[in-house]
$ cat final_16.cif   # mmCIF, C-alpha atoms and all ligand atoms
data_run
#
loop_
_atom_site.label_atom_id
_atom_site.label_comp_id
_atom_site.auth_asym_id
_atom_site.auth_seq_id
_atom_site.Cartn_x
_atom_site.Cartn_y
_atom_site.Cartn_z
CA MET A 1 84.97 -43.84 -19.26
CA SER A 2 84.67 -41.74 -16.09
CA GLY A 3 80.89 -41.52 -15.83
CA LEU A 4 78.53 -38.64 -16.39
CA ALA A 5 80.50 -35.75 -14.91
CA ASP A 6 79.76 -32.12 -15.66
CA ARG A 7 82.06 -29.10 -15.63
CA TYR A 8 81.13 -28.23 -12.03
CA GLY A 9 82.26 -31.47 -10.42
CA ARG A 10 78.86 -33.11 -10.21
CA VAL A 11 78.46 -36.69 -11.40
CA ALA A 12 75.07 -38.01 -12.49
CA THR A 13 74.29 -41.48 -11.17
CA ASP A 14 70.48 -41.17 -10.96
CA LEU A 15 68.64 -41.65 -14.27
CA ARG A 16 65.02 -40.51 -14.64
CA VAL A 17 63.42 -42.32 -17.56
CA SER A 18 60.17 -41.06 -19.03
CA LEU A 19 58.27 -43.94 -20.62
CA THR A 20 55.51 -41.87 -22.20
CA ASP A 21 54.29 -38.29 -22.34
CA ARG A 22 50.66 -39.44 -22.00
CA CYS A 23 48.73 -39.29 -18.78
CA ASN A 24 45.29 -40.37 -17.59
CA LEU A 25 44.87 -37.38 -15.27
CA ARG A 26 44.72 -33.74 -16.31
CA CYS A 27 46.17 -31.93 -13.31
CA SER A 28 45.41 -28.28 -13.90
CA TYR A 29 48.93 -27.14 -12.96
CA CYS A 30 50.48 -29.61 -15.42
CA MET A 31 48.42 -29.67 -18.61
CA PRO A 32 45.20 -28.31 -20.14
CA ALA A 33 41.88 -30.15 -19.89
CA GLU A 34 42.10 -31.35 -23.50
CA GLY A 35 45.57 -32.84 -23.00
CA LEU A 36 48.55 -32.08 -25.23
CA ASP A 37 49.79 -33.05 -28.69
CA TRP A 38 51.20 -36.42 -27.72
CA LEU A 39 54.42 -37.66 -29.27
CA PRO A 40 53.80 -39.66 -32.45
CA GLY A 41 54.19 -43.39 -31.77
CA GLU A 42 57.20 -43.81 -34.06
CA GLU A 43 59.12 -41.16 -32.12
CA VAL A 44 58.72 -42.95 -28.82
CA LEU A 45 61.49 -45.39 -27.95
CA THR A 46 60.52 -49.05 -28.15
CA ASP A 47 60.88 -51.22 -25.06
CA ASP A 48 64.13 -52.65 -26.44
CA GLU A 49 65.51 -49.17 -27.16
CA VAL A 50 64.68 -47.93 -23.66
CA VAL A 51 66.34 -50.95 -22.11
CA ARG A 52 69.39 -50.60 -24.31
CA LEU A 53 69.93 -46.96 -23.33
CA ILE A 54 69.51 -47.82 -19.65
CA ARG A 55 72.02 -50.65 -20.09
CA VAL A 56 74.55 -48.25 -21.61
CA GLY A 57 73.95 -45.90 -18.66
CA VAL A 58 74.43 -48.67 -16.11
CA GLU A 59 77.24 -50.64 -17.71
CA GLN A 60 79.31 -47.81 -19.11
CA LEU A 61 78.37 -44.58 -17.36
CA GLY A 62 77.95 -45.32 -13.67
CA ILE A 63 74.15 -45.06 -13.37
CA ARG A 64 73.11 -46.59 -10.01
CA GLU A 65 69.50 -45.52 -9.73
CA VAL A 66 66.74 -45.67 -12.30
CA ARG A 67 63.38 -44.01 -11.75
CA PHE A 68 60.57 -44.54 -14.26
CA THR A 69 58.25 -41.63 -14.80
CA GLY A 70 56.23 -39.88 -17.49
CA GLY A 71 53.52 -38.81 -18.40
CA GLU A 72 52.12 -41.73 -16.49
CA PRO A 73 54.53 -44.70 -16.61
CA LEU A 74 51.77 -47.22 -15.83
CA VAL A 75 50.03 -46.48 -19.13
CA ARG A 76 53.06 -47.95 -20.91
CA ARG A 77 52.08 -51.48 -21.87
CA GLY A 78 55.54 -53.04 -21.55
CA ILE A 79 56.26 -51.57 -18.12
CA VAL A 80 56.64 -54.84 -16.18
CA ASP A 81 58.86 -56.32 -18.86
CA ILE A 82 61.03 -53.19 -18.99
CA VAL A 83 61.49 -53.31 -15.20
CA GLY A 84 62.39 -57.00 -15.41
CA GLN A 85 64.95 -56.41 -18.15
CA VAL A 86 66.61 -53.57 -16.25
CA HIS A 87 66.74 -55.75 -13.13
CA ALA A 88 68.49 -58.43 -15.18
CA ILE A 89 71.17 -55.94 -16.28
CA ASP A 90 72.19 -55.30 -12.67
CA PRO A 91 70.02 -56.29 -9.71
CA ASP A 92 71.83 -53.79 -7.48
CA VAL A 93 70.54 -50.82 -9.42
CA GLU A 94 67.90 -49.11 -7.28
CA MET A 95 64.68 -49.01 -9.31
CA SER A 96 61.70 -46.83 -8.46
CA MET A 97 58.72 -45.20 -10.13
CA THR A 98 56.85 -41.93 -9.89
CA THR A 99 53.19 -42.60 -10.62
CA ASN A 100 49.68 -41.39 -10.01
CA ALA A 101 48.91 -44.99 -8.91
CA LEU A 102 45.98 -45.47 -11.32
CA GLY A 103 46.15 -49.12 -12.31
CA LEU A 104 48.66 -50.00 -9.62
CA THR A 105 46.24 -52.49 -8.06
CA ARG A 106 46.64 -54.50 -11.26
CA VAL A 107 50.43 -54.48 -11.53
CA ALA A 108 51.98 -53.69 -8.14
CA ALA A 109 52.77 -57.33 -7.35
CA SER A 110 54.19 -58.01 -10.84
CA LEU A 111 56.31 -54.87 -10.68
CA ALA A 112 57.71 -55.90 -7.31
CA SER A 113 58.47 -59.43 -8.59
CA ALA A 114 60.15 -57.95 -11.68
CA GLY A 115 62.53 -55.98 -9.46
CA LEU A 116 60.96 -52.59 -8.76
CA HIS A 117 61.94 -51.41 -5.26
CA ARG A 118 59.76 -48.41 -4.45
CA VAL A 119 57.08 -46.05 -5.68
CA ASN A 120 56.41 -42.36 -5.17
CA VAL A 121 52.73 -41.70 -5.62
CA SER A 122 51.56 -38.22 -6.56
CA LEU A 123 48.55 -37.19 -4.51
CA ASP A 124 47.81 -33.54 -3.79
CA THR A 125 44.70 -33.97 -1.66
CA VAL A 126 42.58 -36.61 0.04
CA ASP A 127 39.44 -34.55 -0.34
CA ALA A 128 37.42 -36.03 -3.23
CA GLU A 129 36.00 -32.71 -4.37
CA THR A 130 39.42 -31.02 -4.41
CA PHE A 131 40.92 -34.05 -6.15
CA GLY A 132 38.29 -33.80 -8.90
CA ARG A 133 38.92 -30.09 -9.33
CA ILE A 134 42.73 -30.39 -9.50
CA THR A 135 42.99 -33.54 -11.64
CA ARG A 136 39.75 -33.06 -13.62
CA ARG A 137 39.04 -36.74 -13.01
CA ASP A 138 36.96 -38.46 -10.35
CA ARG A 139 39.56 -41.11 -9.45
CA LEU A 140 40.55 -40.58 -5.82
CA PRO A 141 39.35 -44.06 -4.71
CA ASP A 142 41.52 -45.66 -7.43
CA VAL A 143 44.60 -43.75 -6.27
CA ILE A 144 43.98 -44.80 -2.68
CA ALA A 145 43.57 -48.42 -3.77
CA GLY A 146 46.81 -48.11 -5.77
CA LEU A 147 48.65 -46.86 -2.71
CA GLU A 148 47.37 -49.79 -0.67
CA ALA A 149 48.43 -52.21 -3.41
CA ALA A 150 51.93 -50.70 -3.46
CA ALA A 151 52.32 -51.13 0.29
CA ALA A 152 50.94 -54.69 0.15
CA ALA A 153 53.39 -55.58 -2.63
CA GLY A 154 56.34 -54.30 -0.58
CA LEU A 155 57.10 -51.34 -2.84
CA THR A 156 58.22 -49.49 0.26
CA PRO A 157 58.75 -47.00 1.72
CA VAL A 158 55.69 -45.68 -0.09
CA LYS A 159 56.19 -41.97 -0.57
CA VAL A 160 53.43 -39.53 -1.37
CA ASN A 161 54.37 -36.41 -3.33
CA ALA A 162 52.09 -33.40 -3.16
CA VAL A 163 52.06 -29.96 -4.73
CA LEU A 164 50.14 -27.23 -2.92
CA LEU A 165 48.17 -24.80 -5.02
CA ARG A 166 46.91 -21.55 -3.62
CA GLY A 167 43.14 -21.46 -3.33
CA HIS A 168 42.80 -25.19 -4.00
CA ASN A 169 44.61 -27.32 -1.41
CA ASP A 170 47.06 -24.98 0.32
CA ASP A 171 45.10 -25.28 3.56
CA GLN A 172 45.03 -29.09 3.39
CA ALA A 173 48.67 -29.91 4.18
CA PRO A 174 47.97 -30.95 7.82
CA GLN A 175 45.03 -33.12 6.73
CA LEU A 176 47.16 -34.82 4.07
CA LEU A 177 50.02 -35.38 6.52
CA ARG A 178 47.68 -36.92 9.12
CA TRP A 179 46.23 -39.21 6.44
CA CYS A 180 49.71 -40.34 5.35
CA LEU A 181 50.92 -40.84 8.94
CA ASP A 182 47.90 -43.03 9.70
CA ARG A 183 48.80 -45.29 6.78
CA GLY A 184 52.59 -45.31 7.10
CA TYR A 185 53.23 -43.32 3.91
CA GLN A 186 55.99 -40.68 3.79
CA LEU A 187 54.65 -37.33 2.65
CA ARG A 188 56.82 -34.88 0.72
CA ILE A 189 55.47 -31.51 -0.32
CA ILE A 190 57.04 -30.01 -3.41
CA GLU A 191 57.10 -26.39 -4.50
CA GLN A 192 55.36 -25.79 -7.79
CA MET A 193 57.86 -25.14 -10.59
CA PRO A 194 57.59 -23.23 -13.88
CA LEU A 195 57.05 -26.35 -15.95
CA ASP A 196 53.34 -26.24 -16.79
CA ALA A 197 52.25 -26.60 -20.40
CA GLN A 198 50.10 -23.48 -20.10
CA HIS A 199 52.99 -21.26 -18.86
CA ARG A 200 50.82 -19.89 -16.08
CA TRP A 201 53.22 -20.40 -13.16
CA ASN A 202 54.06 -17.30 -11.25
CA ARG A 203 56.27 -16.92 -8.25
CA GLU A 204 53.88 -14.80 -6.22
CA ALA A 205 51.10 -17.39 -6.41
CA MET A 206 53.40 -20.31 -5.61
CA VAL A 207 53.12 -21.77 -2.10
CA THR A 208 56.63 -21.63 -0.67
CA ALA A 209 58.26 -24.29 1.48
CA ASP A 210 58.34 -21.80 4.38
CA GLU A 211 54.62 -21.29 4.10
CA THR A 212 54.04 -25.05 3.96
CA LEU A 213 56.14 -25.57 7.08
CA GLU A 214 54.24 -22.83 8.88
CA ARG A 215 50.95 -24.54 8.10
CA LEU A 216 52.24 -27.96 9.18
CA GLU A 217 53.71 -26.53 12.37
CA ALA A 218 50.31 -25.22 13.37
CA ALA A 219 49.21 -28.86 13.73
CA PHE A 220 52.40 -30.87 14.37
CA ALA A 221 55.75 -30.44 16.12
CA LEU A 222 58.42 -30.61 13.43
CA THR A 223 62.11 -31.07 14.18
CA PRO A 224 64.79 -31.28 11.49
CA THR A 225 66.07 -34.86 11.28
CA GLY A 226 69.57 -33.44 11.01
CA ARG A 227 70.31 -35.96 8.27
CA PRO A 228 72.49 -34.37 5.61
CA ARG A 229 70.42 -33.72 2.51
CA GLY A 230 73.18 -34.68 0.06
CA SER A 231 71.71 -35.13 -3.38
CA ALA A 232 68.25 -35.95 -1.94
CA PRO A 233 66.02 -32.97 -2.59
CA ALA A 234 63.78 -33.22 0.49
CA GLU A 235 64.52 -31.45 3.75
CA GLU A 236 63.23 -33.91 6.31
CA PHE A 237 61.52 -33.29 9.63
CA LEU A 238 60.51 -35.65 12.44
CA VAL A 239 56.79 -35.34 13.09
CA ASP A 240 55.82 -35.09 16.77
CA GLY A 241 59.18 -36.48 17.82
CA GLY A 242 59.29 -39.23 15.16
CA PRO A 243 59.93 -41.79 13.96
CA ALA A 244 57.57 -40.63 11.18
CA THR A 245 58.93 -37.90 8.95
CA VAL A 246 57.68 -35.34 6.48
CA GLY A 247 59.76 -33.84 3.66
CA VAL A 248 59.65 -30.47 2.00
CA ILE A 249 61.19 -29.99 -1.41
CA ALA A 250 61.99 -26.34 -1.95
CA SER A 251 63.11 -26.59 -5.56
CA VAL A 252 62.42 -22.91 -6.20
CA THR A 253 63.16 -21.07 -2.96
CA ARG A 254 66.08 -23.24 -1.75
CA PRO A 255 67.46 -24.91 -4.87
CA PHE A 256 69.77 -27.89 -4.50
CA CYS A 257 71.36 -27.77 -7.95
CA GLY A 258 74.88 -27.88 -6.48
CA ASP A 259 74.23 -31.42 -5.28
CA CYS A 260 72.29 -32.61 -8.32
CA ASP A 261 73.15 -36.15 -9.40
CA ARG A 262 70.38 -36.56 -11.97
CA VAL A 263 70.08 -36.94 -15.68
CA ARG A 264 66.91 -37.46 -17.66
CA LEU A 265 65.92 -39.47 -20.69
CA THR A 266 62.68 -38.47 -22.41
CA ALA A 267 60.25 -40.96 -23.95
CA ASP A 268 61.53 -39.96 -27.41
CA GLY A 269 65.15 -40.64 -26.53
CA GLN A 270 66.52 -37.20 -25.71
CA VAL A 271 69.00 -36.73 -22.89
CA ARG A 272 68.30 -33.71 -20.70
CA ASN A 273 70.99 -32.78 -18.22
CA CYS A 274 68.52 -30.69 -16.16
CA LEU A 275 64.74 -30.40 -15.75
CA PHE A 276 65.14 -26.81 -16.91
CA ALA A 277 67.61 -27.45 -19.72
CA ARG A 278 66.90 -25.64 -22.95
CA GLU A 279 68.96 -28.07 -25.00
CA GLU A 280 68.68 -31.81 -25.42
CA SER A 281 70.91 -34.47 -26.95
CA ASP A 282 69.30 -36.83 -29.38
CA LEU A 283 70.27 -40.41 -28.55
CA ARG A 284 67.36 -41.90 -30.51
CA THR A 285 68.71 -40.83 -33.88
CA SER A 286 72.16 -42.22 -33.03
CA LEU A 287 70.59 -45.45 -31.82
CA ARG A 288 68.46 -45.90 -34.92
CA ALA A 289 71.39 -45.01 -37.18
CA GLY A 290 73.26 -48.01 -35.83
CA ALA A 291 75.60 -46.37 -33.30
CA SER A 292 77.57 -48.72 -31.06
CA ASP A 293 77.10 -48.69 -27.28
CA GLU A 294 80.43 -46.85 -26.99
CA GLU A 295 79.33 -44.15 -29.44
CA ILE A 296 76.05 -43.66 -27.57
CA ALA A 297 77.92 -43.47 -24.27
CA GLN A 298 80.29 -40.88 -25.71
CA ARG A 299 77.41 -38.73 -26.92
CA TRP A 300 75.80 -38.95 -23.49
CA VAL A 301 79.05 -37.90 -21.79
CA VAL A 302 79.27 -34.84 -24.03
CA ALA A 303 75.61 -33.99 -23.24
CA MET A 304 76.52 -33.67 -19.56
CA LEU A 305 79.24 -31.10 -20.20
CA GLY A 306 76.60 -28.52 -21.04
CA LYS A 307 74.85 -28.86 -17.66
CA ARG A 308 74.47 -25.42 -16.11
CA PRO A 309 75.40 -24.75 -12.48
CA GLY A 310 71.79 -24.03 -11.51
CA HIS A 311 68.24 -23.87 -12.84
CA GLY A 312 68.29 -20.08 -12.81
CA ILE A 313 64.57 -19.62 -12.08
CA ASP A 314 65.43 -16.39 -10.29
CA ASP A 315 67.59 -15.00 -13.09
CA GLU A 316 66.23 -12.18 -15.23
CA SER A 317 67.12 -14.25 -18.27
CA PHE A 318 65.22 -17.38 -17.14
CA LEU A 319 63.18 -18.99 -19.87
CA GLN A 320 60.84 -21.87 -19.18
CA PRO A 321 61.82 -24.96 -21.19
CA ASP A 322 59.72 -25.74 -24.26
CA ARG A 323 58.71 -29.14 -22.94
CA PRO A 324 56.32 -29.21 -20.01
CA MET A 325 56.96 -31.46 -17.01
CA SER A 326 54.72 -34.22 -18.41
CA ALA A 327 56.86 -34.49 -21.56
CA ILE A 328 60.18 -34.30 -19.72
CA GLY A 329 59.43 -36.75 -16.96
CA GLY A 330 58.83 -35.43 -13.46
N1 LIG B 1 52.17 -39.27 -13.77
C1 LIG B 1 53.18 -39.50 -12.78
C2 LIG B 1 52.77 -38.93 -11.45
O1 LIG B 1 51.67 -38.38 -11.37
O2 LIG B 1 53.54 -39.05 -10.52
C3 LIG B 1 54.57 -39.04 -13.18
C4 LIG B 1 54.72 -37.74 -13.90
S1 LIG B 1 54.17 -36.31 -13.02
C5 LIG B 1 54.63 -35.05 -14.18
C6 LIG B 1 55.40 -36.23 -11.75
C7 LIG B 1 55.19 -35.23 -10.68
O3 LIG B 1 55.36 -33.94 -11.19
C8 LIG B 1 53.83 -35.25 -10.01
O4 LIG B 1 54.03 -35.43 -8.64
C9 LIG B 1 53.28 -33.87 -10.27
O5 LIG B 1 52.54 -33.38 -9.18
C10 LIG B 1 54.54 -33.09 -10.44
N2 LIG B 1 54.39 -31.85 -11.19
C11 LIG B 1 53.78 -31.61 -12.36
N3 LIG B 1 53.89 -30.32 -12.72
C12 LIG B 1 54.60 -29.73 -11.74
C13 LIG B 1 55.06 -28.41 -11.50
N4 LIG B 1 54.79 -27.43 -12.37
N5 LIG B 1 55.77 -28.16 -10.40
C14 LIG B 1 56.04 -29.15 -9.50
N6 LIG B 1 55.65 -30.41 -9.67
C15 LIG B 1 54.93 -30.69 -10.76
#
$ encode --input "final_16.cif" --output "structure tokens" --more "lines below"
Ligand code: SAM
Amino acid sequence: MSGLADRYGRVATDLRVSLTDRCNLRCSYCMPAEGLDWLPGEEVLTDDEVVRLIRVGVEQLGIREVRFTGGEPLVRRGIVDIVGQVHAIDPDVEMSMTTNALGLTRVAASLASAGLHRVNVSLDTVDAETFGRITRRDRLPDVIAGLEAAAAAGLTPVKVNAVLLRGHNDDQAPQLLRWCLDRGYQLRIIEQMPLDAQHRWNREAMVTADETLERLEAAFALTPTGRPRGSAPAEEFLVDGGPATVGVIASVTRPFCGDCDRVRLTADGQVRNCLFAREESDLRTSLRAGASDEEIAQRWVVAMLGKRPGHGIDDESFLQPDRPMSAIGG
């Protein structure tokens, strides 16, 4: 089998695995205050099912990177065991996690021992009042403690991902960068995408990468690192001559779909060939109906053939996917 190639010459080697659609924060740009209708328990893949699908991806389809996400992956009870089992499949597979860091103090060391390499922690502000307003939870100290635990456990480089929201934290980018530099974390600022459950995103309100750079440049000297971006989404800049860097991910204004090497597996076992895909391929039903590894791999290969050349946010015909970011896996 020749891996997860699409019709435009791209080959997916980076698998994003959502372990749950549930989250313990309620970021206003992601979901409503009351949360969402969570997936029924029986629809969510069991630990063994998740590991089996990852094994098929690694052993038969050329997956070389696995990133756990959600929802919030740390609310999944079997997380350390899942990481350990994936490590046992192939220790050379790069394993990382995108997390809000709540609870990381408890499990960072176990995750590192089980084989996790790195974490990306989502943190949009270091101002407690702004944090409470954006996430609707008063948990900034816990996130900061989680970050420290990640660094202490060697889950490095620790990256911090932030989304800027107009009127909330758009003026705080320099403050956040200074805070990250002082602690050795790599900040990446991501453009807000039309993936909110409330369907409130609008392009005019979105803080663009250019605007973010302008704000950062008012406080720091930024020089492009000159490193080719390849399939990595962040454009990287040296801060004040380096070696520290900051990244900007312009998913909307400077899309990088042509270099995309990702594929996603939702917590309920659906393959999505793009964050913005409108169709999914149901591997869970095949799995539970007794399909062989080869049959599952074949179905996955076919799923990739429908991958579109780009996300099309700027097209007249663009439709936001039915699933919000939290249910796809960010
Ligand atoms: N709970 C984990 C976390 O907080 O990192 C993983 C899931 S969360 C959906 C992953 C990332 O998606 C977070 O960094 C969050 O800020 C980001 N995110 C959520 N909605 C977004 C949107 N509409 N546009 C851009 N990023 C978004």
$ closest_residue --input "final_16.cif" --among "A:Met31, A:Leu39, A:Leu165, A:Met325" --to "A:Thr130" --atoms "all atoms listed in the file"
A:Leu165
$ closest_atom_pairs --input "final_16.cif" --of "chain A" --to "ligand LIG 1 (chain B)" --cutoff "7 Å" --atoms "only C-alpha atoms and all ligand atoms" --output "JSON lines"
{"residue": "A:Cys23", "atom": "CA", "partner": "B:LIG1", "partner_atom": "N1", "distance": 6.1}
{"residue": "A:Tyr29", "atom": "CA", "partner": "B:LIG1", "partner_atom": "N3", "distance": 5.9}
{"residue": "A:Cys30", "atom": "CA", "partner": "B:LIG1", "partner_atom": "N3", "distance": 4.4}
{"residue": "A:Thr69", "atom": "CA", "partner": "B:LIG1", "partner_atom": "C3", "distance": 4.8}
{"residue": "A:Gly70", "atom": "CA", "partner": "B:LIG1", "partner_atom": "C4", "distance": 4.4}
{"residue": "A:Gly71", "atom": "CA", "partner": "B:LIG1", "partner_atom": "C4", "distance": 4.8}
{"residue": "A:Glu72", "atom": "CA", "partner": "B:LIG1", "partner_atom": "N1", "distance": 3.7}
{"residue": "A:Pro73", "atom": "CA", "partner": "B:LIG1", "partner_atom": "N1", "distance": 6.6}
{"residue": "A:Thr98", "atom": "CA", "partner": "B:LIG1", "partner_atom": "O2", "distance": 4.4}
{"residue": "A:Thr99", "atom": "CA", "partner": "B:LIG1", "partner_atom": "O2", "distance": 3.6}
{"residue": "A:Asn100", "atom": "CA", "partner": "B:LIG1", "partner_atom": "O1", "distance": 3.9}
{"residue": "A:Asn120", "atom": "CA", "partner": "B:LIG1", "partner_atom": "O2", "distance": 6.9}
{"residue": "A:Val121", "atom": "CA", "partner": "B:LIG1", "partner_atom": "O2", "distance": 5.6}
{"residue": "A:Ser122", "atom": "CA", "partner": "B:LIG1", "partner_atom": "O4", "distance": 4.3}
{"residue": "A:Asn161", "atom": "CA", "partner": "B:LIG1", "partner_atom": "O4", "distance": 5.4}
{"residue": "A:Ala162", "atom": "CA", "partner": "B:LIG1", "partner_atom": "O5", "distance": 6.0}
{"residue": "A:Val163", "atom": "CA", "partner": "B:LIG1", "partner_atom": "O5", "distance": 5.6}
{"residue": "A:Ile190", "atom": "CA", "partner": "B:LIG1", "partner_atom": "C14", "distance": 6.2}
{"residue": "A:Glu191", "atom": "CA", "partner": "B:LIG1", "partner_atom": "C14", "distance": 5.8}
{"residue": "A:Gln192", "atom": "CA", "partner": "B:LIG1", "partner_atom": "N5", "distance": 3.5}
{"residue": "A:Met193", "atom": "CA", "partner": "B:LIG1", "partner_atom": "N5", "distance": 3.7}
{"residue": "A:Pro194", "atom": "CA", "partner": "B:LIG1", "partner_atom": "N4", "distance": 5.3}
{"residue": "A:Leu195", "atom": "CA", "partner": "B:LIG1", "partner_atom": "N4", "distance": 4.4}
{"residue": "A:Asp196", "atom": "CA", "partner": "B:LIG1", "partner_atom": "N4", "distance": 4.8}
{"residue": "A:Met325", "atom": "CA", "partner": "B:LIG1", "partner_atom": "C5", "distance": 5.1}
{"residue": "A:Ser326", "atom": "CA", "partner": "B:LIG1", "partner_atom": "C5", "distance": 4.3}
{"residue": "A:Gly329", "atom": "CA", "partner": "B:LIG1", "partner_atom": "C4", "distance": 5.7}
{"residue": "A:Gly330", "atom": "CA", "partner": "B:LIG1", "partner_atom": "C6", "distance": 3.9}
$ residues_around --input "final_16.cif" --residues "stretch 225-242 of chain A" --least-positions-apart "4" --cutoff "9 Å" --atoms "only C-alpha atoms" --output "compact mmCIF listing (two decimals) with C-alpha atoms, in the frame of the given file"
# COMPACT_ATOMS: atom_id res chain seq x y z
CA ARG A 188 56.82 -34.88 0.72
CA ILE A 189 55.47 -31.51 -0.32
CA ILE A 190 57.04 -30.01 -3.41
CA PHE A 220 52.40 -30.87 14.37
CA ALA A 221 55.75 -30.44 16.12
CA VAL A 246 57.68 -35.34 6.48
CA GLY A 247 59.76 -33.84 3.66
CA VAL A 248 59.65 -30.47 2.00
CA ILE A 249 61.19 -29.99 -1.41
CA ALA A 250 61.99 -26.34 -1.95
CA SER A 251 63.11 -26.59 -5.56
CA PRO A 255 67.46 -24.91 -4.87
CA PHE A 256 69.77 -27.89 -4.50
CA CYS A 257 71.36 -27.77 -7.95
CA GLY A 258 74.88 -27.88 -6.48
CA ASP A 259 74.23 -31.42 -5.28
CA CYS A 260 72.29 -32.61 -8.32
CA ASP A 261 73.15 -36.15 -9.40
CA ARG A 262 70.38 -36.56 -11.97
$ atom_distance --input "final_16.cif" --atom1 "atom CA of A:Glu148" --atom2 "atom CA of A:Arg183"
8.8 Å
$ residues_around --input "final_16.cif" --residues "stretch 305-307 of chain A" --least-positions-apart "2" --cutoff "10 Å" --atoms "all atoms listed in the file" --output "list in words"
Leu4, Ala5, Asp6, Arg7, Tyr8, Arg10, Val263, Arg272, Asn273, Cys274, Phe276, Ala277, Glu279, Glu280, Trp300, Val301, Val302, Ala303, Pro309, Gly310 and His311 of chain A
$ closest_residue --input "final_16.cif" --among "A:Leu123, A:Leu275, A:Leu104, A:Arg139" --to "A:Ala152" --atoms "all atoms listed in the file"
A:Leu104
$ atom_distance --input "final_16.cif" --atom1 "atom CA of A:Glu94" --atom2 "atom CA of A:Val107"
18.8 Å
$ closest_residue --input "final_16.cif" --among "A:Leu116, A:Leu19, A:Met97, A:Ala149" --to "A:Gly78" --atoms "only C-alpha atoms"
A:Leu19
$ atom_distance --input "final_16.cif" --atom1 "atom CA of A:Ala209" --atom2 "atom CA of A:Arg254"
8.5 Å
